[in-house]
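Below is the file my_file03.txt, which contains compact mmCIF, C-alpha atoms.
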# COMPACT_ATOMS: atom_id res chain seq x y z
CA MET V 211 -76.60 39.33 39.88
CA ARG V 212 -75.80 36.85 37.16
CA ARG V 213 -78.74 36.30 34.86
CA THR V 214 -79.62 35.46 31.31
CA GLY V 215 -82.88 35.85 29.46
CA VAL V 216 -84.82 37.78 32.10
CA ALA V 217 -88.39 38.22 30.93
CA ARG V 218 -89.34 41.75 29.90
CA ARG V 219 -93.00 41.15 29.23
CA ALA V 220 -95.81 43.22 30.60
CA PHE V 221 -97.57 41.98 33.72
CA VAL V 222 -99.65 38.97 32.65
CA LEU V 223 -101.80 37.42 35.35
CA SER V 224 -103.92 34.31 35.24
CA ALA V 225 -106.72 35.39 37.55
CA ALA V 226 -108.15 31.93 38.01
CA GLY V 227 -104.81 30.40 38.94
CA LEU V 228 -103.94 33.17 41.33
CA LEU V 229 -107.34 33.16 43.01
CA ALA V 230 -107.06 29.44 43.57
CA ALA V 231 -103.79 30.02 45.34
CA MET V 232 -105.06 32.97 47.33
CA THR V 233 -108.28 31.61 48.82
CA THR V 234 -106.76 29.91 51.85
CA ALA V 235 -106.58 31.55 55.25
CA GLY V 236 -104.89 34.61 56.33
CA ASP V 237 -101.96 36.24 57.96
CA ALA V 238 -99.71 34.52 60.47
CA ALA V 239 -97.56 36.92 62.47
CA ALA V 240 -94.49 35.30 64.00
CA SER V 241 -92.24 36.19 66.88
CA PRO V 242 -88.60 37.07 66.21
CA SER V 243 -87.42 35.18 69.27
CA GLY V 244 -85.95 31.71 69.34
CA ARG V 245 -83.91 31.56 66.15
CA ARG V 246 -82.39 28.18 65.35
CA LYS V 247 -78.83 27.70 66.47
CA GLY V 248 -77.95 25.71 63.37
CA GLY V 249 -78.70 28.45 60.88
CA GLY V 250 -82.06 29.40 59.43
CA LEU V 251 -85.22 30.32 61.29
CA PRO V 252 -87.41 28.14 63.51
CA GLU V 253 -90.92 27.37 62.35
CA ALA V 254 -92.32 29.85 64.88
CA ALA V 255 -90.38 32.73 63.37
CA GLY V 256 -91.48 32.21 59.81
CA GLU V 257 -89.46 31.81 56.65
CA VAL V 258 -88.03 34.40 54.31
CA ARG V 259 -90.09 34.70 51.13
CA GLY V 260 -88.46 37.34 49.03
CA MET V 261 -87.98 38.81 45.61
CA TRP V 262 -85.21 40.88 44.14
CA ILE V 263 -86.16 44.18 42.49
CA ALA V 264 -83.27 45.08 40.17
CA THR V 265 -82.67 48.65 39.05
CA VAL V 266 -79.38 48.37 37.15
CA ALA V 267 -80.07 48.95 33.44
CA ASN V 268 -83.76 49.20 34.40
CA ILE V 269 -84.01 45.40 34.56
CA ASP V 270 -87.10 45.57 36.77
CA TRP V 271 -87.69 49.10 37.99
CA PRO V 272 -88.35 51.76 36.85
CA SER V 273 -89.63 50.24 33.61
CA LYS V 274 -87.64 52.91 31.80
CA PRO V 275 -85.71 56.04 32.79
CA GLY V 276 -87.36 59.43 32.71
CA LEU V 277 -90.80 58.52 34.01
CA THR V 278 -92.49 61.03 36.31
CA ALA V 279 -91.98 60.59 40.04
CA ALA V 280 -95.65 59.61 40.36
CA LYS V 281 -95.32 56.91 37.71
CA GLN V 282 -92.13 55.54 39.25
CA GLU V 283 -93.76 55.42 42.65
CA ALA V 284 -96.83 53.65 41.24
CA GLU V 285 -94.63 51.02 39.59
CA LEU V 286 -92.72 50.48 42.82
CA PHE V 287 -95.93 50.10 44.79
CA ALA V 288 -97.17 47.56 42.23
CA TYR V 289 -94.17 45.35 42.99
CA LEU V 290 -94.76 45.60 46.73
CA ASP V 291 -98.47 44.95 46.35
CA ARG V 292 -97.70 41.92 44.22
CA ALA V 293 -95.39 40.64 46.96
CA VAL V 294 -98.27 40.87 49.43
CA GLU V 295 -100.66 39.11 47.02
CA LEU V 296 -98.21 36.23 46.67
CA ARG V 297 -97.71 36.04 50.44
CA LEU V 298 -94.06 37.10 50.25
CA ASN V 299 -92.56 39.02 53.14
CA THR V 300 -89.30 40.52 51.87
CA ALA V 301 -88.34 42.93 49.09
CA VAL V 302 -84.64 43.07 48.16
CA PHE V 303 -84.43 46.47 46.49
CA GLN V 304 -81.33 47.50 44.52
CA VAL V 305 -80.36 50.98 45.71
CA ARG V 306 -76.71 51.31 44.59
CA PRO V 307 -76.52 49.68 41.16
CA THR V 308 -73.38 51.31 39.68
CA ALA V 309 -71.62 53.47 42.27
CA ASP V 310 -74.65 55.77 42.32
CA ALA V 311 -77.67 56.06 44.57
CA LEU V 312 -81.43 55.83 44.81
CA TRP V 313 -81.43 58.27 47.71
CA PRO V 314 -79.94 61.77 48.13
CA SER V 315 -76.44 60.54 48.96
CA PRO V 316 -73.68 62.97 49.93
CA TYR V 317 -71.17 60.50 48.51
CA GLU V 318 -72.48 59.55 45.08
CA PRO V 319 -74.74 60.90 42.35
CA TRP V 320 -78.35 60.05 41.70
CA ALA V 321 -78.62 56.87 39.62
CA ASP V 322 -79.25 57.34 35.91
CA CYS V 323 -81.82 54.53 35.89
CA LEU V 324 -84.24 57.07 37.40
CA THR V 325 -84.04 60.00 34.98
CA GLY V 326 -81.70 58.84 32.25
CA THR V 327 -79.12 61.37 33.43
CA GLN V 328 -76.68 60.48 36.17
CA GLY V 329 -76.80 63.01 38.98
CA LYS V 330 -80.20 64.43 38.07
CA ASP V 331 -82.57 64.74 41.04
CA PRO V 332 -85.66 62.61 40.33
CA GLY V 333 -87.82 64.79 42.54
CA TRP V 334 -88.43 62.19 45.23
CA ASP V 335 -86.61 59.73 47.49
CA PRO V 336 -87.06 56.18 46.15
CA LEU V 337 -85.27 54.42 49.02
CA GLY V 338 -87.09 56.36 51.73
CA THR V 339 -90.40 55.74 50.01
CA ALA V 340 -89.65 52.05 49.51
CA VAL V 341 -88.81 51.55 53.19
CA ARG V 342 -92.03 53.20 54.37
CA ALA V 343 -94.19 51.49 51.76
CA ALA V 344 -92.71 48.06 52.50
CA HIS V 345 -93.20 48.40 56.22
CA ASP V 346 -96.75 49.64 55.71
CA ARG V 347 -97.36 46.31 53.96
CA SER V 348 -95.58 44.28 56.66
CA LEU V 349 -92.71 43.56 54.28
CA GLU V 350 -89.04 43.70 55.15
CA LEU V 351 -86.91 45.98 52.99
CA HIS V 352 -83.39 44.73 52.32
CA ALA V 353 -81.30 47.43 50.66
CA TRP V 354 -79.25 45.83 47.89
CA PHE V 355 -75.85 47.37 47.12
CA ASN V 356 -73.14 46.52 44.61
CA PRO V 357 -69.82 47.46 46.26
CA TYR V 358 -67.37 47.83 43.35
CA ARG V 359 -69.14 48.18 40.00
CA VAL V 360 -68.82 51.74 38.65
CA ALA V 361 -70.30 51.54 35.15
CA ASN V 362 -71.41 49.10 32.48
CA HIS V 363 -68.96 50.73 30.05
CA THR V 364 -65.30 51.73 30.15
CA ASP V 365 -65.51 55.46 29.37
CA PRO V 366 -65.03 57.58 32.51
CA SER V 367 -66.01 60.72 30.59
CA ARG V 368 -69.58 59.38 30.45
CA LEU V 369 -69.78 59.70 34.25
CA ILE V 370 -70.97 62.96 35.76
CA ALA V 371 -68.03 65.32 36.38
CA SER V 372 -68.52 65.20 40.15
CA HIS V 373 -68.47 61.40 40.26
CA PRO V 374 -65.85 60.06 42.71
CA ALA V 375 -64.46 57.88 39.91
CA ARG V 376 -63.76 61.05 37.90
CA LYS V 377 -62.18 62.78 40.87
CA HIS V 378 -60.05 59.72 41.67
CA PRO V 379 -59.22 58.07 38.34
CA ASP V 380 -56.56 56.00 40.09
CA TRP V 381 -59.36 54.19 41.94
CA VAL V 382 -60.82 52.72 38.74
CA VAL V 383 -59.92 49.68 36.64
CA PRO V 384 -61.50 48.94 33.22
CA TYR V 385 -62.17 45.26 32.69
CA GLY V 386 -64.47 43.20 30.51
CA GLY V 387 -66.23 46.23 29.07
CA LYS V 388 -67.00 47.72 32.49
CA LEU V 389 -65.44 50.01 35.07
CA TYR V 390 -64.75 48.82 38.60
CA TYR V 391 -63.39 50.35 41.76
CA ASN V 392 -60.12 48.64 42.67
CA PRO V 393 -60.61 46.46 45.77
CA GLY V 394 -56.86 46.55 46.41
CA LEU V 395 -56.92 50.17 47.58
CA PRO V 396 -57.67 50.75 51.29
CA GLU V 397 -59.14 54.18 50.49
CA VAL V 398 -61.57 52.56 48.03
CA ARG V 399 -62.62 50.01 50.61
CA ARG V 400 -63.32 52.78 53.13
CA PHE V 401 -65.16 54.92 50.59
CA VAL V 402 -67.54 52.23 49.38
CA GLN V 403 -68.34 51.36 52.98
CA ASP V 404 -69.06 55.00 53.78
CA ALA V 405 -71.29 55.33 50.73
CA MET V 406 -73.35 52.26 51.60
CA LEU V 407 -73.53 52.90 55.33
CA ASP V 408 -74.99 56.35 54.71
CA ALA V 409 -78.23 54.53 53.87
CA VAL V 410 -78.01 52.47 57.07
CA ARG V 411 -77.78 55.64 59.14
CA ARG V 412 -80.56 57.49 57.37
CA TYR V 413 -83.21 54.82 56.78
CA ASP V 414 -84.97 52.11 58.72
CA ILE V 415 -83.81 49.34 56.40
CA ASP V 416 -83.94 45.78 57.68
CA ALA V 417 -80.76 44.50 56.05
CA VAL V 418 -77.78 45.40 53.92
CA HIS V 419 -77.67 42.99 50.99
CA TRP V 420 -74.85 42.40 48.49
CA ASP V 421 -74.98 40.39 45.30
CA ASP V 422 -72.29 38.24 43.65
CA TYR V 423 -69.88 40.83 42.24
CA PHE V 424 -66.59 41.23 44.12
CA TYR V 425 -63.58 40.95 41.84
CA PRO V 426 -65.26 40.68 38.44
CA TYR V 427 -66.17 37.44 36.74
CA PRO V 428 -63.23 36.30 34.55
CA VAL V 429 -63.16 37.43 30.93
CA ALA V 430 -61.00 35.35 28.61
CA GLY V 431 -57.89 37.11 27.39
CA GLN V 432 -58.20 40.06 29.80
CA THR V 433 -56.29 40.95 32.94
CA PHE V 434 -57.55 42.96 35.90
CA ASP V 435 -54.70 45.44 36.26
CA ASP V 436 -53.80 45.75 39.92
CA ASP V 437 -50.05 45.28 39.56
CA ALA V 438 -49.17 48.54 41.31
CA GLU V 439 -51.48 47.84 44.24
CA PHE V 440 -50.21 44.30 44.65
CA GLU V 441 -46.65 45.59 44.60
CA ARG V 442 -47.52 48.15 47.26
CA TYR V 443 -49.82 46.13 49.56
CA GLY V 444 -49.29 42.47 48.69
CA GLY V 445 -46.20 41.77 50.75
CA GLY V 446 -46.61 38.83 53.08
CA PHE V 447 -49.17 37.02 50.93
CA ALA V 448 -48.41 33.77 49.16
CA ASP V 449 -49.67 35.08 45.85
CA ARG V 450 -51.91 37.67 44.26
CA ALA V 451 -55.01 35.52 44.71
CA ALA V 452 -54.48 35.29 48.47
CA TRP V 453 -54.02 39.07 48.65
CA ARG V 454 -57.17 39.66 46.64
CA ARG V 455 -59.17 37.34 48.90
CA ASP V 456 -57.88 39.25 51.91
CA ASN V 457 -59.06 42.51 50.35
CA ILE V 458 -62.59 41.13 50.02
CA ASP V 459 -62.45 39.51 53.48
CA ARG V 460 -61.60 42.89 54.94
CA LEU V 461 -64.50 44.55 53.14
CA VAL V 462 -66.95 41.95 54.46
CA ARG V 463 -65.64 41.87 58.01
CA GLU V 464 -65.34 45.65 58.37
CA THR V 465 -68.75 46.32 56.87
CA GLY V 466 -70.39 43.88 59.27
CA GLU V 467 -68.64 45.47 62.23
CA ARG V 468 -69.66 48.96 61.15
CA ILE V 469 -73.30 47.99 60.61
CA ARG V 470 -73.41 46.54 64.12
CA ALA V 471 -71.91 49.70 65.53
CA ILE V 472 -74.48 51.91 63.78
CA LYS V 473 -77.67 49.84 64.12
CA PRO V 474 -77.22 46.43 65.74
CA HIS V 475 -80.63 45.18 64.56
CA VAL V 476 -79.84 45.69 60.86
CA ARG V 477 -78.70 42.42 59.32
CA PHE V 478 -75.98 41.90 56.76
CA GLY V 479 -76.50 39.36 54.00
CA ILE V 480 -74.70 38.33 50.84
CA SER V 481 -76.03 36.51 47.76
CA PRO V 482 -73.05 34.89 46.02
CA PHE V 483 -72.69 32.64 43.03
CA ALA V 484 -73.51 29.31 44.63
CA VAL V 485 -70.30 27.32 44.11
CA TRP V 486 -67.52 28.12 46.58
CA ARG V 487 -65.18 25.45 45.16
CA ASN V 488 -65.71 22.19 43.32
CA LYS V 489 -64.85 19.04 45.23
CA GLU V 490 -62.21 18.12 42.67
CA THR V 491 -60.46 21.41 43.49
CA ASP V 492 -60.90 21.18 47.25
CA PRO V 493 -62.28 18.23 49.26
CA LEU V 494 -64.27 20.74 51.32
CA GLY V 495 -66.07 21.90 48.17
CA SER V 496 -69.40 20.87 46.71
CA ASP V 497 -70.00 17.87 44.47
CA THR V 498 -70.12 20.08 41.39
CA ARG V 499 -68.17 20.78 38.23
CA ALA V 500 -69.00 24.45 37.87
CA GLY V 501 -67.01 26.64 35.50
CA VAL V 502 -66.78 29.40 38.11
CA GLN V 503 -65.63 29.00 41.71
CA THR V 504 -66.04 32.07 43.89
CA TYR V 505 -62.93 31.34 45.95
CA ASP V 506 -60.67 31.10 42.91
CA ASP V 507 -62.31 33.31 40.30
CA LEU V 508 -64.02 36.13 42.24
CA HIS V 509 -61.60 35.94 45.20
CA ALA V 510 -64.65 35.69 47.44
CA ASP V 511 -64.21 33.15 50.25
CA THR V 512 -67.92 32.78 50.86
CA ARG V 513 -67.50 29.72 53.08
CA LYS V 514 -65.12 31.60 55.37
CA TRP V 515 -67.57 34.48 55.80
CA VAL V 516 -70.14 32.02 57.05
CA ARG V 517 -67.81 30.00 59.25
CA GLU V 518 -66.40 33.17 60.85
CA GLY V 519 -69.86 34.63 61.44
CA TRP V 520 -69.06 37.88 59.66
CA ILE V 521 -72.49 37.98 58.03
CA ASP V 522 -76.01 37.29 59.28
CA TYR V 523 -77.32 35.44 56.26
CA ILE V 524 -76.10 33.86 53.05
CA CYS V 525 -78.37 33.62 50.02
CA PRO V 526 -76.51 31.54 47.41
CA GLN V 527 -77.86 31.83 43.89
CA ILE V 528 -78.65 28.15 43.30
CA TYR V 529 -79.83 28.87 39.78
CA TRP V 530 -79.83 25.28 38.53
CA HIS V 531 -82.50 22.62 38.27
CA ILE V 532 -82.66 19.43 40.26
CA GLY V 533 -80.44 16.91 38.50
CA GLN V 534 -78.38 19.43 36.54
CA THR V 535 -75.18 17.65 35.52
CA ALA V 536 -72.50 20.17 36.48
CA ALA V 537 -74.31 21.72 39.45
CA ASP V 538 -77.29 19.80 40.81
CA TYR V 539 -79.64 22.02 42.83
CA ALA V 540 -80.06 19.23 45.38
CA LYS V 541 -76.32 18.75 45.91
CA VAL V 542 -75.57 22.48 46.13
CA LEU V 543 -78.39 23.00 48.63
CA ALA V 544 -77.09 20.12 50.76
CA TRP V 545 -73.59 21.63 50.73
CA TRP V 546 -74.80 25.03 51.88
CA SER V 547 -77.00 23.49 54.56
CA ALA V 548 -73.96 21.70 55.97
CA THR V 549 -71.86 24.85 55.66
CA VAL V 550 -74.16 27.06 57.77
CA ARG V 551 -74.88 24.35 60.35
CA GLY V 552 -73.83 25.46 63.81
CA THR V 553 -72.71 28.93 62.71
CA GLY V 554 -75.79 31.02 63.55
CA VAL V 555 -75.73 32.33 59.98
CA GLU V 556 -79.07 31.97 58.24
CA LEU V 557 -79.47 30.29 54.85
CA TYR V 558 -81.91 31.56 52.24
CA VAL V 559 -81.90 30.12 48.75
CA GLY V 560 -81.73 32.29 45.63
CA GLU V 561 -84.14 30.87 43.04
CA ALA V 562 -84.00 31.35 39.25
CA LEU V 563 -87.63 32.16 38.55
CA TYR V 564 -86.46 33.94 35.39
CA LYS V 565 -85.53 30.58 33.86
CA ALA V 566 -89.03 29.13 34.23
CA GLY V 567 -90.58 28.89 30.78
CA ASP V 568 -87.55 30.33 29.00
CA PRO V 569 -87.27 28.26 25.80
CA ALA V 570 -83.49 28.62 25.91
CA GLN V 571 -83.36 26.71 29.18
CA ALA V 572 -83.33 22.95 29.83
CA ASP V 573 -86.50 20.88 29.76
CA ALA V 574 -86.78 20.98 33.56
CA TRP V 575 -87.42 24.72 33.39
CA GLN V 576 -90.39 24.23 31.08
CA ASP V 577 -92.22 22.46 33.90
CA PRO V 578 -94.18 24.89 36.14
CA ALA V 579 -93.57 22.55 39.08
CA GLU V 580 -89.74 22.72 39.02
CA LEU V 581 -89.45 25.63 41.47
CA SER V 582 -92.08 24.11 43.76
CA ARG V 583 -89.97 20.96 43.90
CA HIS V 584 -87.05 23.10 45.07
CA LEU V 585 -89.05 24.29 48.06
CA THR V 586 -90.24 20.76 48.78
CA LEU V 587 -86.64 19.54 48.75
CA ALA V 588 -85.57 22.38 51.06
CA ARG V 589 -87.98 21.10 53.70
CA ASP V 590 -85.55 18.24 54.25
CA HIS V 591 -82.85 20.74 55.23
CA GLU V 592 -83.71 22.42 58.51
CA GLU V 593 -81.06 25.05 57.90
CA ALA V 594 -82.92 26.42 54.87
CA GLY V 595 -84.76 29.45 56.20
CA GLY V 596 -86.47 30.63 53.03
CA HIS V 597 -86.20 31.51 49.35
CA VAL V 598 -85.68 34.67 47.29
CA PHE V 599 -86.83 34.82 43.66
CA PHE V 600 -85.07 36.57 40.78
CA SER V 601 -86.46 38.89 39.78
CA GLY V 602 -89.32 41.35 40.01
CA LYS V 603 -90.43 41.26 36.38
CA SER V 604 -90.47 37.50 36.43
CA VAL V 605 -92.55 37.54 39.60
CA MET V 606 -95.01 39.89 37.91
CA ALA V 607 -95.20 38.08 34.58
CA ASP V 608 -94.97 34.53 35.95
CA ARG V 609 -94.50 33.23 32.42
CA ILE V 610 -95.69 29.63 32.90
CA GLY V 611 -97.27 29.87 36.35
CA ALA V 612 -94.22 28.62 38.29
CA MET V 613 -94.62 31.30 40.95
CA ARG V 614 -98.33 30.62 41.32
CA ARG V 615 -97.47 26.95 41.78
CA VAL V 616 -95.02 27.83 44.56
CA VAL V 617 -97.70 29.91 46.28
CA ALA V 618 -100.35 27.21 45.97
CA ASP V 619 -98.04 24.46 47.23
CA HIS V 620 -96.06 26.28 49.91
CA TYR V 621 -97.38 29.73 50.79
CA GLN V 622 -100.91 28.95 51.88
CA ASP V 623 -100.71 31.49 54.70
CA ARG V 624 -98.96 34.81 54.73
CA VAL V 625 -96.13 34.62 57.26
CA ARG V 626 -94.68 37.86 58.48
CA LEU V 627 -91.14 37.56 59.76
CA TYR V 628 -91.79 39.90 62.66
CA PRO V 629 -94.98 41.46 64.00
CA ASP V 630 -93.46 44.95 64.12
CA GLN V 631 -94.38 45.83 60.52
CA GLY V 632 -91.99 43.20 59.22
CA ARG V 633 -88.92 44.73 60.84
CA ALA V 634 -86.22 42.70 62.53
CA ARG V 635 -85.80 43.42 66.21
CA SER V 636 -83.97 40.25 67.21
CA ASP V 637 -80.75 40.24 69.20
CA HIS V 638 -79.41 37.40 67.02
CA ARG V 639 -76.07 38.07 65.42
CA GLY V 640 -73.23 35.98 64.10
CA ARG V 641 -70.22 35.20 66.29
CA PHE V 642 -69.46 38.86 66.89
CA SER V 643 -72.51 39.44 69.09
CA GLY V 644 -72.73 42.54 71.14

Could you take the file, read its structure, and then write that structure out as structure tokens?
Amino acid sequence: MRRTGVARRAFVLSAAGLLAAMTTAGDAAASPSGRRKGGGLPEAAGEVRGMWIATVANIDWPSKPGLTAAKQEAELFAYLDRAVELRLNTAVFQVRPTADALWPSPYEPWADCLTGTQGKDPGWDPLGTAVRAAHDRSLELHAWFNPYRVANHTDPSRLIASHPARKHPDWVVPYGGKLYYNPGLPEVRRFVQDAMLDAVRRYDIDAVHWDDYFYPYPVAGQTFDDDAEFERYGGGFADRAAWRRDNIDRLVRETGERIRAIKPHVRFGISPFAVWRNKETDPLGSDTRAGVQTYDDLHADTRKWVREGWIDYICPQIYWHIGQTAADYAKVLAWWSATVRGTGVELYVGEALYKAGDPAQADAWQDPAELSRHLTLARDHEEAGGHVFFSGKSVMADRIGAMRRVVADHYQDRVRLYPDQGRARSDHRGRFSG
């Protein structure tokens, strides 16, 4: 998840402002039937109102490594309770931040964000607890995985000795100060699927959720070294970029197929950087001049995944304000609405709550009403089925009251996605129904 300047303040709450937003009527339970054909959800089925809870580098949770299990659990419950207070209905919880796990995985070690020591048992099961606690609160729990990131450093010796990256050093590529699994290796693709799908088998999660990291974001002057793999597997492709895109396409398609085979009701969603390609690069692209294009730079053909129906929802990170010169929120939203139309793939919008009130951001982000205007604009796009806010700490702190403004203007009732404790039981899929 690309971010800058995420607030790390303690939870600061304006009681008067929140109470004003909370005093309207109650709890509307919606049926999962009748989803819109054109992408998104019909009014009767409610809208997604979510927040990301990031665990990598302890961005949101736990507040620091090494807390007792009871303290970690209490902090997690505080996020979920806050979601209920704000009439949200979805928690996107990061459970595989750096090729490690927030559950007792047979494939990968315990995450070091829990105890400060990779592989150390924290004494409880965070994912299992999060699923139960979310459903008890009529929240959906989307388990957020990062497929290829291994570490936020380049020293394999800092990984626990039993780590798969230590056992298979040929799987790993250092790049940009981090370690990544090499997407060009079929055995890596199978392994990361197995590691993620273990959670699908073991827990009643509502969705598998990926963020925006596929091939890494470009770093000037550095090369992602996959020469040997391209030499071995790249025959028949026009160039290395086409081969890399095929590697990621295979990961997406195969993962979706395997989720459907294991638990057909579990959805598969991806939250990419929001610009597929600029129009000046490709006439099918958005009217933007973004410095990163997922198709070209991350080798992630996000538009194709939607058009082919390989995923159930797309949640582009439209982290810009309305009127932004290089990437106008309004134009990017319109492009994604047109892209999902007729596909059966749902569109949720990733929102940059963390920018609200950040003095380093543009003037628009100093206005508490900017995010509310995003939701107002989205009403004009029937394909837009909801919004997800980055991230948990910013939801809790609500630096300038932007989240409270969203609640007051748009979330006057609590809308549950599904009456069965927030869990999806719809037969809706993408094009590969069955």

Please list as a list of chain:residue names every residue within 8 Å of Trp262 (chain V), counting all atoms listed in the file and excluding residues in the same chain fewer than 3 positions away.
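Listed by chain and then number, they are V:Ala301, V:Val302, V:Phe303, V:Gln304, V:Val598, V:Phe599, V:Phe600, V:Ser601, V:Gly602.
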
For the selection you just gave me, I'd like the residues written to a file as a short mmCIF file (atom, residue, chain, number, x, y, z; two decimals), in the frame of the given file, keeping C-alpha atoms.
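Generated output (result.cif):
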data_model
loop_
_atom_site.label_atom_id
_atom_site.label_comp_id
_atom_site.auth_asym_id
_atom_site.auth_seq_id
_atom_site.Cartn_x
_atom_site.Cartn_y
_atom_site.Cartn_z
CA ALA V 301 -88.34 42.93 49.09
CA VAL V 302 -84.64 43.07 48.16
CA PHE V 303 -84.43 46.47 46.49
CA GLN V 304 -81.33 47.50 44.52
CA VAL V 598 -85.68 34.67 47.29
CA PHE V 599 -86.83 34.82 43.66
CA PHE V 600 -85.07 36.57 40.78
CA SER V 601 -86.46 38.89 39.78
CA GLY V 602 -89.32 41.35 40.01
#

Please compute the CA of Leu461 (chain V)-CA of Arg399 (chain V) distance, one decimal, in Å.
6.3 Å

Using all atoms listed in the file, which protein or nucleic acid residues come within 8 Å of region 269-278 of chain V? Drop anything in the same chain fewer than 6 positions from it, and give the result as a list of chain:residue names.
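Surrounding residues, per the criterion: V:Arg218, V:Ile263, V:Glu285, V:Leu286, V:Asp322, V:Cys323, V:Leu324, V:Thr325, V:Gly326, V:Ser601, V:Gly602, V:Lys603.
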
Excluding Met613 (chain V) and residues on its chain fewer than 6 positions from it, collect all residues at most 8 Å away from it, counting only C-alpha atoms, and give them as a PyMOL selection string.
chain V and resi 563+581+605

May I have the selected residues written with C-alpha atoms, as a PDB file, in the coordinates of the input?
ATOM      1  CA  LEU V 563     -87.630  32.160  38.550  1.00  0.00           C
ATOM      2  CA  LEU V 581     -89.450  25.630  41.470  1.00  0.00           C
ATOM      3  CA  VAL V 605     -92.550  37.540  39.600  1.00  0.00           C
TER       4      VAL V 605
END

What's the 8 Å shell around Phe355 (chain V), counting only C-alpha atoms, without same-chain residues fewer than 3 positions away, as a ChimeraX atom specification?
/V:304-307,406,418-421

For a test of reading the model, state the distance in Å between CA of Ala566 (chain V) and CA of Arg624 (chain V), rounded to one decimal.
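Rounded to one decimal, the two atoms are 23.5 Å apart.
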
Write out as a PyMOL selection string each polymer residue whose atoms come within 12 Å of Pro314 (chain V), counting all atoms listed in the file; drop sequence neighbours fewer than 5 positions from it.
chain V and resi 305-306+319-321+329-338+405+408-409+412-413

From the list V:Ser481, V:Ala309, V:Gly445, V:Arg463, the nearest residue to Tyr391 (chain V) using all atoms listed in the file is V:Ala309

With distances taken over all atoms listed in the file, which residue among V:Ala311, V:Ala340, V:Ala594, V:Ala267 lies nearest Ala288 (chain V)?
V:Ala340

Closest of V:Val462, V:Ala544, V:Ala264, V:Ala536 to Glu593 (chain V) - atom-to-atom distances counting all atoms listed in the file
V:Ala544

Two-atom distance - CA of Val294 (chain V), CA of Ser348 (chain V) (Å)
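Distance between the two atoms: 8.4 Å.
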
Looking at all atoms listed in the file, which of V:Thr535, V:Ser367, V:Asn392, V:Gln576 is the one that sits closest to Asp380 (chain V)?
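Of V:Thr535, V:Ser367, V:Asn392, V:Gln576, the one nearest Asp380 (chain V), counting all atoms listed in the file, is V:Asn392.
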
Could you check which of V:His584, V:Lys514, V:Arg292, V:Arg468 is closest to Ala607 (chain V), using all atoms listed in the file?
V:Arg292

Please determine, counting all atoms listed in the file, which residue among V:Leu312, V:Val258, V:Val502, V:Ala417 has the shortest atom-to-atom distance to Asn488 (chain V).
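The closest residue to Asn488 (chain V) is V:Val502.
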
Counting all atoms listed in the file, which residues have an atom no more than 12 Å from (-62.1, 48.7, 33.1) in the file's coordinates? Please list them as a VMD selection string.
chain V and resid 358 to 366 375 379 to 392 425 to 426 429 432 to 436
